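**Q** Pasting a structure below so you can have a look.
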Amino acid sequence: MNLATNFFDYPLENCLMNASGVHCMEVSQLEELAASMAATYVTKTATMAPRLGNPEPRYRDLPQGSINSMGLPNHGLPYYLAYLEKAAEKEPQQLIFCSLVGMTTSEIFAELKMVQESSFNGFTELNLSCPNVPGKPQVAYDFALTDKILAEAFTFFKKPLGIKLPPYFDLAHFDEMAEILNRYPIKYVNCINSIGNGLVVDLATEAAVIKPKGGFGGLGGAMVKATALANVRAFRERLRPDIAVIGTGGVTSGADVFEHLLCGASLVQVGTQLHQEGPAVFQRLLTELAAIMKEKGYQSIAEFQGKLQTL
Ligand code: DHB
C-alpha cells in the first residue's frame with residue numbers, strides 16, 4: 001500500500017502529524033515525534049516570552065475526547081526557533097511546522113519578523129484560535145481583525161504561512177472567512193482548533209473537571225469530529241485550489257483519517273488521541289488506514305482525497 005503524499009514541494013511518507021499542543025512542548029518530545037511514524041510535526045504554539053500557562057488541573061481525557069485550558073504554557077519562540085534551525089541544519093529536506101500566537105497584534109508581527117529573519121524556512125502556522133487565555137477572545141472570530149492582521153503580516157513576511165482556524169458553525173461564516181483568506185498568499189488553513197469553552201461536569205463531585213476559567217475549556221477528540229469534517233469540507237470548497245487544508249479533530253482511528261482526507265484534507269493531525277496513546281498512535285493509524293484503502297481498492301491517497309460524495 002502506498003501511503004505517500006506531498007505537501008507542496010515536500011514529499012512525505014504519509015499524511016499524519018501531531019496537532020500543536022500535544023507532545024511538542026519540549027525538545028525531547030519533538031525528537032520523539034521526529035523519530036515516530038508521523039510524516040512531519042509542529043511545535044507547541046509559542047508566544048514571544050516563555051509562559052507557565054493556567055493553574056492545574058488544566059487537561060482532562062474523557063471517554064469521548066478531552067477538555068483543556070492549558071493557557072499557552074510554552075518555552076517562548078526563541079526556544080522553538082533554535083530547535084527548528086538546528087533540525088534544518090541536520091536535515092535540510094525535512095518539513096517541520098512552527099506554530100505561534102500573539103497576545104497582541106504587535107506581538108504577532110514581532111514573532112513573524114523573528115521567523116522571517118531566522119534560517120528556518122519551513123511552514124509557519126499562525127494560531128488565530130486559542131480559546132484559553134482569559135480576557136483574550138479568539139482572533140479568528142473577529143473577521144475584520146483577521147483581515148487587518150493578514151494585510152500587515154504579508155507586507156514583510158515572505159515565508160510559507162498557514163493559519164490555524166477555530167471551528168465555525170454557520171455557512172455565512174465559512175463564506176466570510178474564506179473570502180478574506182483568498183485575498184492573501186497563505187499556503188494552508190488548519191481546521192479545526194478545539195471547540196472553545198465547553199464545560200464538563202463530574203457528576204460524583206458536582207464539580208467542573210478542570211480548574212481554569214471555572215471549568216470552561218476547549219473540547220477535542222471524538223466528540224468534535226463531525227464539526228472538524230464540516231470545517232475541512234467547507235473550506236476546501238471555498239478556498240483557492242492552491243491553498244491546502246490540514247484536517248484536525250476527532251481522529252482516533254484509520255477510518256477517521258480516511259474521512260478527513262475524503263473531505264479534502266492534505267495532511268491530518270492527531271491531538272487528543274496522541275495525548276492518550278503516545279507517538280505509537282501514528283503506526284496504528286497508518287495500519288488501519290492502509291487496511292481500509294485495501295478493502296476499498298484504493299492504491300494511493302490521491303485516488304480519494306477530496307472526493308466526498310453528496311446525496
Ligand atoms: C492553547 C490551546 C489552544 O487551543 C491553542 O490553539 C493554543 C494554546 C493552550 O491553552 O495552551
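Chain labels follow the order of the C-alpha cells: the first chain is A, the next B, and so on; residue numbering restarts at 1 in every chain, and ligands are counted from 1 in their shown order.
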Would you write out, as CSV, a table of all residues in segment 192-239 of chain A that have an atom no more than 12 Å from an atom of segment 108-129 of chain A, listing for each the closest atom pair and the distance in Å to one decimal, considering only C-alpha atoms and ordering rows by chain and rising residue number?
**A**
```
residue,atom,partner,partner_atom,distance
A:Ile192,CA,A:Ser129,CA,8.8
A:Asn193,CA,A:Ser129,CA,6.4
A:Ser194,CA,A:Ser129,CA,8.4
A:Ile195,CA,A:Ser129,CA,9.7
A:Gly196,CA,A:Ser129,CA,8.8
A:Asn197,CA,A:Ser129,CA,11.9
A:Gly218,CA,A:Ser129,CA,10.5
```
**Q** Applying 9 Å and only C-alpha atoms, which residues near Gln94 of chain A remain after dropping the ones on its own chain fewer than 3 positions away? List them as a compact mmCIF listing (two decimals) with N, CA and C atoms, in the first residue's frame.
**A**
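Result went into result14.txt, see below:
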```
# COMPACT_ATOMS: atom_id res chain seq x y z
N TYR A 10 7.24 19.26 -0.67
CA TYR A 10 7.83 18.27 0.23
C TYR A 10 7.19 16.89 0.03
N THR A 40 5.54 14.39 9.56
CA THR A 40 6.05 15.71 9.89
C THR A 40 5.46 16.09 11.24
N ALA A 87 17.43 21.60 13.54
CA ALA A 87 16.86 20.45 12.82
C ALA A 87 17.04 20.62 11.31
N ALA A 88 16.88 21.84 10.84
CA ALA A 88 17.02 22.11 9.40
C ALA A 88 18.46 21.97 8.95
N GLU A 91 18.98 18.14 8.71
CA GLU A 91 18.20 17.51 7.64
C GLU A 91 17.45 18.58 6.85
N GLY A 122 10.80 26.39 7.00
CA GLY A 122 9.62 25.54 6.95
C GLY A 122 8.34 26.37 6.98
```
**Q** From the DSSP assignment of the backbone, select every residue of segment 57-90 of chain A that is strand (DSSP E), and format the answer as a VMD selection string.
**A** chain A and resid 59 to 62 65 to 68
**Q** Please extract the residues at most 8 Å from ligand 1, counting only C-alpha atoms and all ligand atoms, and provide them as number ranges by chain, using the chain letters and residue numbers of this document.
**A** A: 20-21, 44-45, 53-54, 68-74, 101, 127-133, 164, 193-194, 196, 218
**Q** Taking only C-alpha atoms into account, which of A:Asn2, A:Thr310, A:Thr287, A:Gln299 comes nearest Arg233 of chain A?
**A**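 Closest to Arg233 of chain A of all the choices is A:Thr310.
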**Q** Which residues are near segment 249-258 of chain A? Cut-off 9 Å, only C-alpha atoms, ignore same chain within fewer than 3 positions. Put them as a ChimeraX atom specification.
**A** /A:15-16,19,65,191-194,220-229,261-263,268-274,281,284-293,301,304-305
**Q** I'd like the neighbourhood of Pro212 of chain A as a count of residues only, where a residue qualifies if any of its atoms comes within 8 Å (using only C-alpha atoms), though same-chain residues fewer than 4 positions away should be ignored.
**A** 8
**Q** Provide the atom CA of Leu199 of chain A to atom CA of Gly215 of chain A distance in Å, to one decimal place.
**A**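 About the pair atom CA of Leu199 of chain A and atom CA of Gly215 of chain A: they are 6.0 Å apart.
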**Q** If you count only C-alpha atoms, which residues fall within 12 Å of Phe8 of chain A, apart from same-chain ones fewer than 2 positions away, as a list in words?
**A**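 In the requested format, the answer is Thr5, Asn6, Tyr10, Pro11, Leu12, Leu95, Gly122, Phe123, Pro160, Lys187, Tyr188, Asp242, Ile243, Ala244, Val245, Ser266 and Leu267 of chain A.
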**Q** Please determine, counting only C-alpha atoms, which residue among A:Ala172, A:Ile180, A:Leu161, A:Ala35 has the shortest atom-to-atom distance to Lys148 of chain A.
**A**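 Closest to Lys148 of chain A of all the choices is A:Ile180.
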**Q** Would you mind telling me which residue in A:Ala207, A:Glu295, A:Thr43, A:Arg183 lies nearest to Val22 of chain A when using only C-alpha atoms?
**A**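 Once distances to Val22 of chain A are computed over only C-alpha atoms, the minimum belongs to A:Thr43.
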**Q** Calculated over only C-alpha atoms, which of the candidates A:Leu30, A:Ile149, A:Ala38, A:Leu308 has the smallest distance to Asn14 of chain A?
**A**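 Ranking A:Leu30, A:Ile149, A:Ala38, A:Leu308 by distance to Asn14 of chain A, first place goes to A:Ala38.
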**Q** Kindly indicate which residue among A:Pro137, A:Tyr80, A:Tyr298, A:Phe157 lies nearest to Ser28 of chain A, using only C-alpha atoms for the distances.
**A**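 Closest to Ser28 of chain A, using only C-alpha atoms: A:Tyr80.
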